[in-house]
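Colleague: Structure supplied as structure.cif; contents: mmCIF, C-alpha atoms.
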data_run
#
loop_
_atom_site.label_atom_id
_atom_site.label_comp_id
_atom_site.auth_asym_id
_atom_site.auth_seq_id
_atom_site.Cartn_x
_atom_site.Cartn_y
_atom_site.Cartn_z
CA MET A 24 -38.41 10.95 -5.31
CA LYS A 25 -35.76 10.86 -2.56
CA VAL A 26 -32.18 11.47 -3.66
CA ASN A 27 -29.53 9.62 -1.66
CA GLN A 28 -26.99 11.91 -0.06
CA PRO A 29 -23.39 11.24 -1.11
CA VAL A 30 -21.13 9.40 1.30
CA ARG A 31 -18.68 11.87 2.87
CA LEU A 32 -15.07 10.74 2.71
CA THR A 33 -11.60 12.12 3.47
CA MET A 34 -8.62 11.11 1.32
CA VAL A 35 -5.22 11.60 2.95
CA GLY A 36 -2.32 11.72 0.49
CA GLY A 37 -1.40 13.33 -2.80
CA GLY A 38 0.53 10.55 -4.57
CA SER A 39 -0.34 8.27 -7.46
CA TRP A 40 -2.34 5.73 -5.43
CA ALA A 41 -4.34 8.46 -3.67
CA THR A 42 -5.04 10.04 -7.07
CA ALA A 43 -6.17 6.71 -8.51
CA LEU A 44 -8.47 6.09 -5.54
CA VAL A 45 -9.99 9.55 -5.92
CA LYS A 46 -10.71 8.69 -9.56
CA ILE A 47 -12.43 5.44 -8.53
CA LEU A 48 -14.48 7.13 -5.81
CA SER A 49 -15.57 9.84 -8.25
CA GLU A 50 -17.38 7.16 -10.24
CA ASN A 51 -19.79 6.71 -7.33
CA ASN A 52 -22.04 8.78 -5.09
CA VAL A 53 -19.18 9.97 -2.89
CA SER A 54 -18.17 13.47 -1.79
CA VAL A 55 -14.40 13.61 -1.23
CA LYS A 56 -12.33 16.02 0.82
CA TRP A 57 -8.84 15.44 -0.50
CA TRP A 58 -5.95 16.45 1.77
CA LEU A 59 -2.66 17.23 0.04
CA ARG A 60 0.50 18.45 1.70
CA LYS A 61 1.66 20.56 -1.26
CA ALA A 62 -0.34 23.78 -1.55
CA SER A 63 0.81 24.24 -5.15
CA ASP A 64 -0.66 20.86 -6.15
CA ALA A 65 -3.92 21.69 -4.37
CA GLU A 66 -4.22 24.99 -6.21
CA HIS A 67 -3.43 23.33 -9.53
CA ILE A 68 -6.17 20.73 -9.00
CA LYS A 69 -8.67 23.46 -8.12
CA LYS A 70 -7.89 25.38 -11.29
CA PHE A 71 -7.22 22.65 -13.83
CA GLY A 72 -8.75 19.46 -12.46
CA HIS A 73 -5.68 17.22 -12.44
CA ASN A 74 -2.77 16.42 -10.16
CA PRO A 75 0.39 17.99 -11.64
CA SER A 76 2.76 15.70 -9.73
CA TYR A 77 1.19 12.24 -10.15
CA LEU A 78 -1.04 10.65 -12.82
CA SER A 79 -1.42 14.04 -14.43
CA ASP A 80 -3.63 12.61 -17.20
CA VAL A 81 -6.38 11.73 -14.70
CA GLN A 82 -9.17 14.29 -14.80
CA ILE A 83 -10.46 15.11 -11.32
CA ASN A 84 -14.19 15.76 -10.95
CA THR A 85 -14.00 18.96 -8.88
CA ARG A 86 -17.76 18.92 -8.35
CA LYS A 87 -17.32 15.82 -6.20
CA VAL A 88 -13.76 16.41 -4.99
CA LYS A 89 -12.70 19.35 -2.83
CA VAL A 90 -8.99 19.71 -2.17
CA CYS A 91 -7.69 20.84 1.19
CA THR A 92 -4.30 21.55 2.78
CA LYS A 93 -5.44 21.62 6.42
CA ILE A 94 -5.74 18.09 7.77
CA VAL A 95 -8.18 19.02 10.55
CA ASP A 96 -10.55 20.71 8.08
CA SER A 97 -10.46 17.69 5.79
CA PHE A 98 -11.75 15.44 8.62
CA LYS A 99 -14.85 17.52 9.39
CA ASP A 100 -18.14 15.65 8.87
CA SER A 101 -16.51 12.70 7.09
CA GLU A 102 -17.86 9.20 7.53
CA TYR A 103 -14.80 7.47 6.07
CA VAL A 104 -11.08 8.26 6.03
CA ILE A 105 -8.72 6.63 3.53
CA LEU A 106 -5.03 6.80 4.35
CA ALA A 107 -2.85 6.75 1.22
CA VAL A 108 0.54 8.14 2.18
CA PRO A 109 3.79 6.17 2.65
CA ALA A 110 3.85 4.43 6.03
CA ALA A 111 7.03 6.26 7.00
CA PHE A 112 5.24 9.61 6.75
CA ILE A 113 1.80 8.82 8.18
CA GLY A 114 2.67 10.38 11.54
CA ASP A 115 3.67 13.66 9.91
CA ALA A 116 0.58 13.65 7.70
CA LEU A 117 -1.78 13.30 10.68
CA THR A 118 -0.05 15.91 12.84
CA GLY A 119 -2.63 18.04 14.64
CA LEU A 120 -5.28 15.33 14.84
CA LYS A 121 -6.52 13.90 18.12
CA PRO A 122 -8.58 10.80 18.90
CA GLY A 123 -11.74 12.92 18.87
CA HIS A 124 -11.25 13.72 15.19
CA PHE A 125 -11.64 10.00 14.41
CA THR A 126 -14.77 9.44 16.48
CA GLY A 127 -17.51 7.70 14.48
CA LYS A 128 -15.39 7.36 11.35
CA SER A 129 -14.34 4.19 9.54
CA VAL A 130 -10.63 4.31 8.77
CA VAL A 131 -9.33 2.55 5.66
CA SER A 132 -5.63 1.89 5.07
CA ALA A 133 -4.51 1.92 1.44
CA ILE A 134 -0.89 1.72 2.65
CA LYS A 135 1.13 -1.42 1.90
CA GLY A 136 3.87 -0.75 4.40
CA MET A 137 4.78 -0.74 8.09
CA ILE A 138 5.55 2.03 10.56
CA PRO A 139 9.37 2.20 10.71
CA GLY A 140 10.86 1.97 14.18
CA ALA A 141 7.59 0.91 15.76
CA ASN A 142 7.43 -2.14 13.44
CA GLN A 143 3.64 -1.88 13.45
CA LEU A 144 1.01 -2.42 10.82
CA VAL A 145 -0.72 0.81 9.88
CA THR A 146 -4.04 -0.41 11.30
CA ASP A 147 -2.46 -1.28 14.65
CA TRP A 148 -0.67 2.07 14.79
CA VAL A 149 -3.81 4.08 14.03
CA SER A 150 -5.81 2.09 16.56
CA GLU A 151 -3.16 2.67 19.23
CA GLN A 152 -2.55 6.36 18.48
CA TYR A 153 -6.14 7.49 17.92
CA GLY A 154 -8.30 4.92 19.69
CA VAL A 155 -10.06 3.72 16.55
CA PRO A 156 -11.75 0.36 17.24
CA VAL A 157 -10.41 -2.44 15.04
CA GLU A 158 -13.96 -3.13 13.87
CA GLN A 159 -14.04 0.34 12.30
CA MET A 160 -10.91 -0.28 10.25
CA ALA A 161 -10.39 -1.81 6.82
CA VAL A 162 -7.51 -2.47 4.43
CA ILE A 163 -7.44 -2.08 0.64
CA ALA A 164 -5.39 -4.79 -1.08
CA GLY A 165 -5.04 -6.59 -4.38
CA PRO A 166 -3.12 -6.42 -7.67
CA CYS A 167 -4.08 -2.90 -8.69
CA HIS A 168 -1.47 -0.46 -9.99
CA ALA A 169 -2.43 3.21 -9.94
CA GLU A 170 -1.20 3.65 -13.51
CA GLU A 171 -3.65 1.05 -14.82
CA VAL A 172 -6.52 2.54 -12.83
CA ALA A 173 -5.71 5.84 -14.54
CA LEU A 174 -6.14 4.06 -17.89
CA GLU A 175 -9.37 2.43 -16.66
CA LYS A 176 -7.93 -1.06 -17.11
CA GLN A 177 -10.04 -3.78 -15.52
CA SER A 178 -8.81 -4.16 -11.93
CA TYR A 179 -9.69 -6.05 -8.76
CA LEU A 180 -9.49 -4.95 -5.13
CA THR A 181 -9.98 -6.90 -1.91
CA ILE A 182 -11.31 -5.06 1.13
CA ALA A 183 -10.46 -6.67 4.46
CA SER A 184 -12.00 -5.86 7.83
CA LYS A 185 -12.80 -7.77 11.01
CA ASP A 186 -16.34 -6.38 10.67
CA PRO A 187 -18.03 -7.83 7.56
CA VAL A 188 -20.37 -4.82 7.36
CA CYS A 189 -17.43 -2.41 7.30
CA ALA A 190 -15.68 -4.49 4.62
CA SER A 191 -18.83 -4.63 2.52
CA ASN A 192 -19.51 -0.90 2.82
CA VAL A 193 -15.97 0.05 1.76
CA ALA A 194 -16.14 -2.47 -1.09
CA ASP A 195 -19.31 -0.75 -2.31
CA LEU A 196 -17.58 2.65 -2.27
CA LEU A 197 -14.73 1.40 -4.47
CA ARG A 198 -16.68 -0.78 -6.90
CA CYS A 199 -17.13 0.85 -10.29
CA ARG A 200 -17.31 0.06 -14.01
CA PHE A 201 -13.60 -0.84 -14.21
CA VAL A 202 -12.94 -2.05 -10.63
CA GLN A 203 -14.39 -5.17 -9.01
CA THR A 204 -14.23 -5.44 -5.21
CA THR A 205 -14.50 -8.33 -2.77
CA PRO A 206 -14.97 -8.00 1.02
CA VAL A 207 -13.12 -10.47 3.29
CA ASP A 208 -12.30 -10.78 7.00
CA ASP A 209 -8.56 -11.64 6.99
CA ILE A 210 -7.39 -8.09 7.73
CA TYR A 211 -4.04 -8.99 9.33
CA GLY A 212 -3.16 -11.78 6.91
CA ILE A 213 -3.81 -9.49 3.96
CA GLU A 214 -1.99 -6.54 5.52
CA TYR A 215 1.12 -8.58 6.33
CA SER A 216 1.04 -10.22 2.88
CA ALA A 217 0.87 -6.79 1.25
CA VAL A 218 3.94 -5.73 3.22
CA MET A 219 5.82 -8.93 2.40
CA LYS A 220 5.17 -8.81 -1.35
CA ASN A 221 7.02 -5.49 -1.53
CA ILE A 222 10.09 -7.17 -0.01
CA ILE A 223 9.85 -9.92 -2.61
CA ALA A 224 9.52 -7.31 -5.36
CA LEU A 225 12.79 -5.78 -4.14
CA ALA A 226 14.45 -9.18 -4.43
CA SER A 227 12.95 -9.66 -7.87
CA GLY A 228 14.26 -6.30 -8.99
CA ILE A 229 17.73 -6.98 -7.59
CA THR A 230 17.95 -10.21 -9.59
CA ARG A 231 16.85 -8.39 -12.74
CA GLY A 232 19.47 -5.74 -12.13
CA LEU A 233 22.08 -8.48 -11.78
CA GLY A 234 21.03 -10.02 -15.09
CA TYR A 235 19.12 -13.09 -13.84
CA GLY A 236 16.43 -14.35 -16.21
CA ASP A 237 12.78 -15.35 -16.09
CA ASN A 238 13.57 -18.90 -14.99
CA PHE A 239 15.20 -17.77 -11.77
CA GLN A 240 12.53 -15.17 -11.10
CA ALA A 241 9.83 -17.85 -11.32
CA VAL A 242 11.71 -19.92 -8.74
CA LEU A 243 12.20 -16.84 -6.55
CA VAL A 244 8.50 -15.94 -6.58
CA SER A 245 7.30 -19.51 -5.94
CA ASN A 246 9.67 -19.77 -2.95
CA ALA A 247 8.51 -16.33 -1.83
CA MET A 248 4.90 -17.50 -1.66
CA GLN A 249 5.97 -20.26 0.72
CA GLU A 250 7.97 -17.75 2.77
CA ILE A 251 4.99 -15.43 3.07
CA LYS A 252 2.78 -18.33 4.16
CA ARG A 253 5.24 -19.44 6.84
CA PHE A 254 5.51 -15.94 8.26
CA VAL A 255 1.81 -15.01 8.14
CA ASP A 256 0.75 -18.36 9.60
CA ALA A 257 3.23 -17.90 12.45
CA ILE A 258 2.28 -14.33 13.31
CA TYR A 259 -1.48 -14.58 12.70
CA PRO A 260 -2.71 -18.20 12.44
CA LYS A 261 -5.91 -18.51 10.45
CA HIS A 262 -7.26 -20.70 7.67
CA ARG A 263 -6.64 -18.76 4.45
CA ASP A 264 -6.15 -19.50 0.77
CA LEU A 265 -3.01 -17.67 -0.32
CA SER A 266 -3.73 -18.39 -3.97
CA GLY A 267 -6.31 -15.58 -3.92
CA SER A 268 -5.73 -12.34 -5.79
CA ALA A 269 -5.14 -10.33 -2.59
CA TYR A 270 -2.18 -12.59 -1.78
CA LEU A 271 -0.68 -14.35 -4.83
CA GLY A 272 -2.13 -11.89 -7.34
CA ASP A 273 -0.67 -8.88 -5.55
CA LEU A 274 2.68 -10.63 -5.23
CA LEU A 275 2.81 -11.45 -8.94
CA VAL A 276 1.97 -7.99 -10.21
CA THR A 277 4.40 -6.32 -7.80
CA ALA A 278 7.24 -8.72 -8.60
CA TYR A 279 6.81 -8.63 -12.38
CA SER A 280 5.27 -5.32 -13.42
CA PRO A 281 7.38 -2.39 -14.67
CA PHE A 282 4.93 -0.15 -12.78
CA SER A 283 6.13 -1.61 -9.47
CA ARG A 284 8.23 0.95 -7.62
CA ASN A 285 9.68 -1.74 -5.35
CA ARG A 286 10.79 -3.81 -8.33
CA THR A 287 12.25 -0.66 -9.91
CA PHE A 288 14.10 0.21 -6.71
CA GLY A 289 15.51 -3.31 -6.48
CA THR A 290 16.60 -3.22 -10.12
CA LEU A 291 18.60 -0.06 -9.48
CA ILE A 292 20.26 -1.64 -6.43
CA GLY A 293 21.13 -4.71 -8.50
CA ARG A 294 22.72 -2.46 -11.11
CA GLY A 295 25.01 -0.96 -8.52
CA TYR A 296 23.15 2.16 -7.36
CA THR A 297 23.51 3.18 -3.75
CA ILE A 298 20.31 3.38 -1.71
CA GLN A 299 20.45 7.18 -1.77
CA SER A 300 21.00 7.38 -5.52
CA ALA A 301 18.22 4.86 -6.20
CA GLN A 302 15.79 6.87 -4.07
CA ALA A 303 16.78 10.07 -5.86
CA GLU A 304 16.40 8.42 -9.27
CA MET A 305 12.85 7.23 -8.51
CA ASN A 306 11.50 10.29 -6.67
CA MET A 307 8.97 7.91 -5.10
CA ILE A 308 8.89 5.81 -1.95
CA ALA A 309 9.54 2.06 -2.18
CA GLU A 310 7.68 0.75 0.88
CA GLY A 311 9.72 -2.45 0.84
CA TYR A 312 12.88 -0.58 1.82
CA TYR A 313 11.41 0.27 5.24
CA ALA A 314 9.31 -2.90 5.50
CA VAL A 315 12.18 -5.35 5.21
CA LYS A 316 13.80 -3.93 8.34
CA SER A 317 10.51 -4.16 10.25
CA ILE A 318 9.77 -7.72 9.15
CA TYR A 319 13.35 -8.81 9.82
CA GLU A 320 13.19 -7.42 13.36
CA ILE A 321 9.73 -8.89 14.04
CA ASN A 322 10.96 -12.29 12.90
CA ARG A 323 13.65 -12.30 15.59
CA GLN A 324 10.79 -13.21 17.93
CA TYR A 325 9.27 -15.90 15.69
CA GLY A 326 12.33 -17.45 14.06
CA VAL A 327 10.57 -18.27 10.79
CA ASP A 328 12.78 -19.50 7.94
CA MET A 329 12.83 -16.45 5.63
CA PRO A 330 15.88 -16.62 3.34
CA ILE A 331 14.61 -14.09 0.79
CA THR A 332 13.78 -11.50 3.42
CA ASP A 333 17.10 -12.11 5.13
CA THR A 334 18.94 -11.64 1.82
CA VAL A 335 17.22 -8.35 0.99
CA TYR A 336 17.89 -7.10 4.52
CA SER A 337 21.56 -8.02 4.24
CA ILE A 338 21.87 -6.05 0.99
CA LEU A 339 19.96 -2.94 2.07
CA TYR A 340 21.01 -2.75 5.73
CA GLY A 341 23.97 -5.11 6.14
CA LYS A 342 25.97 -3.66 3.25
CA ALA A 343 26.24 -7.08 1.59
CA ALA A 344 27.18 -7.03 -2.09
CA PRO A 345 24.10 -7.96 -4.17
CA THR A 346 26.05 -10.50 -6.27
CA ALA A 347 27.45 -12.33 -3.26
CA ALA A 348 24.16 -12.26 -1.34
CA MET A 349 22.19 -13.66 -4.27
CA ASN A 350 24.80 -16.38 -4.81
CA GLU A 351 24.13 -17.52 -1.25
CA LEU A 352 20.34 -17.34 -1.74
CA LYS A 353 20.59 -19.50 -4.87
CA LYS A 354 21.84 -22.38 -2.74
CA VAL A 355 18.68 -22.61 -0.60
CA LEU A 356 15.91 -22.03 -3.14
CA LEU A 357 14.01 -25.06 -4.39
#
What is this file in structure tokens?

Modeller:
Amino acid sequence: MKVNQPVRLTMVGGGSWATALVKILSENNVSVKWWLRKASDAEHIKKFGHNPSYLSDVQINTRKVKVCTKIVDSFKDSEYVILAVPAAFIGDALTGLKPGHFTGKSVVSAIKGMIPGANQLVTDWVSEQYGVPVEQMAVIAGPCHAEEVALEKQSYLTIASKDPVCASNVADLLRCRFVQTTPVDDIYGIEYSAVMKNIIALASGITRGLGYGDNFQAVLVSNAMQEIKRFVDAIYPKHRDLSGSAYLGDLLVTAYSPFSRNRTFGTLIGRGYTIQSAQAEMNMIAEGYYAVKSIYEINRQYGVDMPITDTVYSILYGKAAPTAAMNELKKVLL
């Protein structure tokens, strides 16, 4: 009887989402080379089978998962690469790699952020920097917190790629007893929506920090869905149903869940923390902080009506007082 060889995959990143994805992949016939920047974390995983810095309760199957601190070594012989580091640090993480290291590999972005300064989606940046064809790229999206994956709570992921075969193959890799996956083709719509929902979560957190209630948050989120639709339709026109879990579902969980780092960051800002003190308090990256600047600057070209994005930008980058900025936003929400 022929035994199927495991799919060979590289995981880039040592945070909570990377750890959760490694747990999901370990449920299937996948051999993972897991690149981590911190040598001490890598050694700890080798010895004890769990990540000491993130989701430390998750047991890592070290028979299927081999940790590595040299990025070039982690790419050898892999068929798939999953990128799961903050967008602001992806360039540093991939230092030493050249286009040839990506040849023949499918690259999957699990990053819900944009490249600061360049104002690019992660998929566009990787394609430009390393010559990866768009058809060999996919995006992981959906309302799926790492903390709930660690607890094996029922979760749903959407895998987007321009190539339906690529989307389907990645969906198969991530489907397991507690995760359902759906392949789709709206890679840019889903990637931009994932970036935008983090900005909305910041706004949601700011209002919570200011003492606004559930009634206002419901109005904020419903207006946000319209704002996301206006922007995504302008930048990448395509027939899409934004009520799907990869769009509305991801927005809801990020705006409402206490697990949401963007909501937490916004809450601290609303309570009067400076940006630096909020970042120090969390010890994690809120992608929305960088994303709001990128989306704001991109929208200078398109001129889409985006009052929530504009408000968050004014607070985080324009030094507007949260109370005054939200008082102005209240006047335009419906």

Colleague: Kindly resolve the PyMOL selection byres ((chain A and resi 190-193) around 12) on the present coordinates and return the residues as a PyMOL selection string.

Modeller: chain A and resi 30+32+48+51+53+102-105+129-133+157-164+180-189+194-198+204-210

Colleague: Within 12 Å of (15.7, -9.7, 10.2), all atoms listed in the file: residues as a PyMOL selection string?

Modeller: chain A and resi 142+222+313-341

Colleague: Would you compute the distance between atom CA of Ile83 of chain A and atom CA of Ile213 of chain A? Give it in Å to one decimal.

Modeller: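 Going from atom CA of Ile83 of chain A over to atom CA of Ile213 of chain A covers 29.7 Å.
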
Colleague: To one decimal place, how far is atom CA of Asp147 of chain A from atom CA of Ile134 of chain A in Å?

Modeller: 12.5 Å

Colleague: Which one of A:Lys176, A:Arg294, A:Arg60, A:Lys353 sits closest to Asp115 of chain A if you count only C-alpha atoms?

Modeller: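 Smallest separation from Asp115 of chain A among the options: A:Arg60.
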
Colleague: Using all atoms listed in the file for the distances, tell me which of A:Val55, A:Ile47, A:Ala247, A:Met305 is nearest to Asp100 of chain A.

Modeller: A:Val55

Colleague: So that I can check the surroundings of Gly295 of chain A, please list as a list in words every protein, DNA and RNA residue that reaches within 9 Å of it, counting only C-alpha atoms and ignoring chain neighbours fewer than 4 positions away.

Modeller: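 What passes the distance filter is Gly232, Leu233, Thr290, Leu291 and Pro345 of chain A.
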
Colleague: So that I can see what lies close to Ser79 of chain A, please list as a PDB file with C-alpha atoms, in the frame of the given file the residues with an atom at most 10 Å from it, counting all atoms listed in the file and leaving out residues fewer than 3 positions away in the same chain.

Modeller:
ATOM      1  CA  SER A  39      -0.340   8.270  -7.460  1.00  0.00           C
ATOM      2  CA  THR A  42      -5.040  10.040  -7.070  1.00  0.00           C
ATOM      3  CA  ILE A  68      -6.170  20.730  -9.000  1.00  0.00           C
ATOM      4  CA  GLY A  72      -8.750  19.460 -12.460  1.00  0.00           C
ATOM      5  CA  HIS A  73      -5.680  17.220 -12.440  1.00  0.00           C
ATOM      6  CA  ASN A  74      -2.770  16.420 -10.160  1.00  0.00           C
ATOM      7  CA  PRO A  75       0.390  17.990 -11.640  1.00  0.00           C
ATOM      8  CA  SER A  76       2.760  15.700  -9.730  1.00  0.00           C
ATOM      9  CA  GLN A  82      -9.170  14.290 -14.800  1.00  0.00           C
ATOM     10  CA  ILE A  83     -10.460  15.110 -11.320  1.00  0.00           C
ATOM     11  CA  ALA A 173      -5.710   5.840 -14.540  1.00  0.00           C
TER      12      ALA A 173
END

Colleague: Report the distance between atom CA of Asn221 of chain A and atom CA of Lys261 of chain A in Å, rounded to one decimal place.

Modeller: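 Separating atom CA of Asn221 of chain A from atom CA of Lys261 of chain A is a distance of 21.9 Å.
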
Colleague: Please write the residues picked by the PyMOL selection byres ((chain A and resi 287) around 9) on this file as a list of chain:residue names.

Modeller: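 Output from the PyMOL selection byres ((chain A and resi 287) around 9), applied to this file: A:Ala224, A:Leu225, A:Gly228, A:Ile229, A:Pro281, A:Phe282, A:Ser283, A:Arg284, A:Asn285, A:Arg286, A:Phe288, A:Gly289, A:Thr290, A:Leu291, A:Ile292, A:Ala301, A:Met305, A:Ala309.
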
Colleague: Return the single residue from A:Val88, A:Glu171, A:Lys121, A:Met219 that is closest to Glu151 of chain A, with distances computed using only C-alpha atoms.

Modeller: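 The answer is A:Lys121, which sits nearest to Glu151 of chain A.
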
Colleague: List the residues selected by the PyMOL selection byres ((chain A and resi 57) around 12) in the file shown, writing them as JSON, numbers by chain.

Modeller: {"A": [31, 32, 33, 34, 35, 36, 37, 38, 41, 42, 44, 45, 46, 48, 49, 53, 54, 55, 56, 58, 59, 60, 61, 62, 64, 65, 68, 69, 74, 83, 84, 85, 87, 88, 89, 90, 91, 92, 93, 94, 95, 96, 97, 98, 99, 101, 103, 104, 105, 106, 107]}

Colleague: Restrict the selected residues to C-alpha atoms and save them as a short mmCIF file (atom, residue, chain, number, x, y, z; two decimals), in the frame of the given file.

Modeller:
data_model
loop_
_atom_site.label_atom_id
_atom_site.label_comp_id
_atom_site.auth_asym_id
_atom_site.auth_seq_id
_atom_site.Cartn_x
_atom_site.Cartn_y
_atom_site.Cartn_z
CA ARG A 31 -18.68 11.87 2.87
CA LEU A 32 -15.07 10.74 2.71
CA THR A 33 -11.60 12.12 3.47
CA MET A 34 -8.62 11.11 1.32
CA VAL A 35 -5.22 11.60 2.95
CA GLY A 36 -2.32 11.72 0.49
CA GLY A 37 -1.40 13.33 -2.80
CA GLY A 38 0.53 10.55 -4.57
CA ALA A 41 -4.34 8.46 -3.67
CA THR A 42 -5.04 10.04 -7.07
CA LEU A 44 -8.47 6.09 -5.54
CA VAL A 45 -9.99 9.55 -5.92
CA LYS A 46 -10.71 8.69 -9.56
CA LEU A 48 -14.48 7.13 -5.81
CA SER A 49 -15.57 9.84 -8.25
CA VAL A 53 -19.18 9.97 -2.89
CA SER A 54 -18.17 13.47 -1.79
CA VAL A 55 -14.40 13.61 -1.23
CA LYS A 56 -12.33 16.02 0.82
CA TRP A 58 -5.95 16.45 1.77
CA LEU A 59 -2.66 17.23 0.04
CA ARG A 60 0.50 18.45 1.70
CA LYS A 61 1.66 20.56 -1.26
CA ALA A 62 -0.34 23.78 -1.55
CA ASP A 64 -0.66 20.86 -6.15
CA ALA A 65 -3.92 21.69 -4.37
CA ILE A 68 -6.17 20.73 -9.00
CA LYS A 69 -8.67 23.46 -8.12
CA ASN A 74 -2.77 16.42 -10.16
CA ILE A 83 -10.46 15.11 -11.32
CA ASN A 84 -14.19 15.76 -10.95
CA THR A 85 -14.00 18.96 -8.88
CA LYS A 87 -17.32 15.82 -6.20
CA VAL A 88 -13.76 16.41 -4.99
CA LYS A 89 -12.70 19.35 -2.83
CA VAL A 90 -8.99 19.71 -2.17
CA CYS A 91 -7.69 20.84 1.19
CA THR A 92 -4.30 21.55 2.78
CA LYS A 93 -5.44 21.62 6.42
CA ILE A 94 -5.74 18.09 7.77
CA VAL A 95 -8.18 19.02 10.55
CA ASP A 96 -10.55 20.71 8.08
CA SER A 97 -10.46 17.69 5.79
CA PHE A 98 -11.75 15.44 8.62
CA LYS A 99 -14.85 17.52 9.39
CA SER A 101 -16.51 12.70 7.09
CA TYR A 103 -14.80 7.47 6.07
CA VAL A 104 -11.08 8.26 6.03
CA ILE A 105 -8.72 6.63 3.53
CA LEU A 106 -5.03 6.80 4.35
CA ALA A 107 -2.85 6.75 1.22
#

Colleague: Taking (-3.9, -10.7, -1.4) in the file's own coordinates, collect the residues within 10 Å, counting all atoms listed in the file, and hand them back as a list in words.

Modeller: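 I get Ile163, Ala164, Gly165, Pro166, Leu180, Thr181, Ile182, Ala183, Asp209, Gly212, Ile213, Glu214, Tyr215, Ser216, Ala217, Lys220, Asp264, Leu265, Ser266, Gly267, Ser268, Ala269, Tyr270, Leu271, Gly272, Asp273 and Leu274 of chain A for the residues within 10 Å of that point.
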
Colleague: Could you give me the centre and size, in Å to one decimal, of an axis-aligned box around all listed atoms of segment 147-160 of chain A with 3 Å added on every side, as AutoDock Vina command-line options?

Modeller:
--center_x -7.4 --center_y 2.2 --center_z 15.0 --size_x 19.4 --size_y 16.6 --size_z 15.4

Colleague: Which one is closest to Thr346 of chain A: A:Ile113, A:Leu144, A:Val218, A:Ala226? Count all atoms listed in the file.

Modeller: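 For Thr346 of chain A, the nearest of the given residues is A:Ala226.
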
Colleague: Using all atoms listed in the file, pick whichever of A:Leu78, A:Met248, A:Ala257, A:Met137 has the shortest atom-to-atom distance to Leu356 of chain A.

Modeller: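 Ranked by minimum distance to Leu356 of chain A, first place goes to A:Met248.
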
Colleague: Is it possible to add all heavy atoms to segment 166-170 of chain A and hand it back as an mmCIF file, in the frame of the given file?

Modeller:
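Output (selection18.cif):
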data_model
loop_
_atom_site.group_PDB
_atom_site.id
_atom_site.type_symbol
_atom_site.label_atom_id
_atom_site.label_comp_id
_atom_site.auth_asym_id
_atom_site.auth_seq_id
_atom_site.Cartn_x
_atom_site.Cartn_y
_atom_site.Cartn_z
ATOM 1 N N PRO A 166 -4.020 -6.789 -6.566
ATOM 2 C CA PRO A 166 -3.120 -6.420 -7.670
ATOM 3 C C PRO A 166 -3.710 -5.269 -8.485
ATOM 4 O O PRO A 166 -4.426 -5.481 -9.468
ATOM 5 C CB PRO A 166 -3.040 -7.708 -8.496
ATOM 6 C CG PRO A 166 -4.352 -8.388 -8.246
ATOM 7 C CD PRO A 166 -4.740 -8.050 -6.839
ATOM 8 N N CYS A 167 -3.406 -4.060 -8.091
ATOM 9 C CA CYS A 167 -4.080 -2.900 -8.690
ATOM 10 C C CYS A 167 -3.129 -1.714 -8.749
ATOM 11 O O CYS A 167 -3.060 -0.912 -7.816
ATOM 12 C CB CYS A 167 -5.326 -2.563 -7.872
ATOM 13 S SG CYS A 167 -6.457 -1.401 -8.668
ATOM 14 N N HIS A 168 -2.388 -1.581 -9.844
ATOM 15 C CA HIS A 168 -1.470 -0.460 -9.990
ATOM 16 C C HIS A 168 -2.228 0.828 -10.316
ATOM 17 O O HIS A 168 -3.169 0.821 -11.115
ATOM 18 C CB HIS A 168 -0.466 -0.720 -11.117
ATOM 19 C CG HIS A 168 0.639 -1.647 -10.716
ATOM 20 N ND1 HIS A 168 1.373 -1.478 -9.563
ATOM 21 C CD2 HIS A 168 1.146 -2.749 -11.318
ATOM 22 C CE1 HIS A 168 2.280 -2.435 -9.485
ATOM 23 N NE2 HIS A 168 2.154 -3.225 -10.523
ATOM 24 N N ALA A 169 -1.793 1.914 -9.713
ATOM 25 C CA ALA A 169 -2.430 3.210 -9.940
ATOM 26 C C ALA A 169 -2.418 3.586 -11.410
ATOM 27 O O ALA A 169 -3.384 4.155 -11.938
ATOM 28 C CB ALA A 169 -1.716 4.284 -9.117
ATOM 29 N N GLU A 170 -1.325 3.271 -12.090
ATOM 30 C CA GLU A 170 -1.200 3.650 -13.510
ATOM 31 C C GLU A 170 -2.257 2.968 -14.375
ATOM 32 O O GLU A 170 -2.756 3.561 -15.335
ATOM 33 C CB GLU A 170 0.202 3.288 -14.014
ATOM 34 C CG GLU A 170 1.321 4.114 -13.399
ATOM 35 C CD GLU A 170 1.754 3.625 -12.020
ATOM 36 O OE1 GLU A 170 1.164 2.633 -11.523
ATOM 37 O OE2 GLU A 170 2.667 4.242 -11.427
#
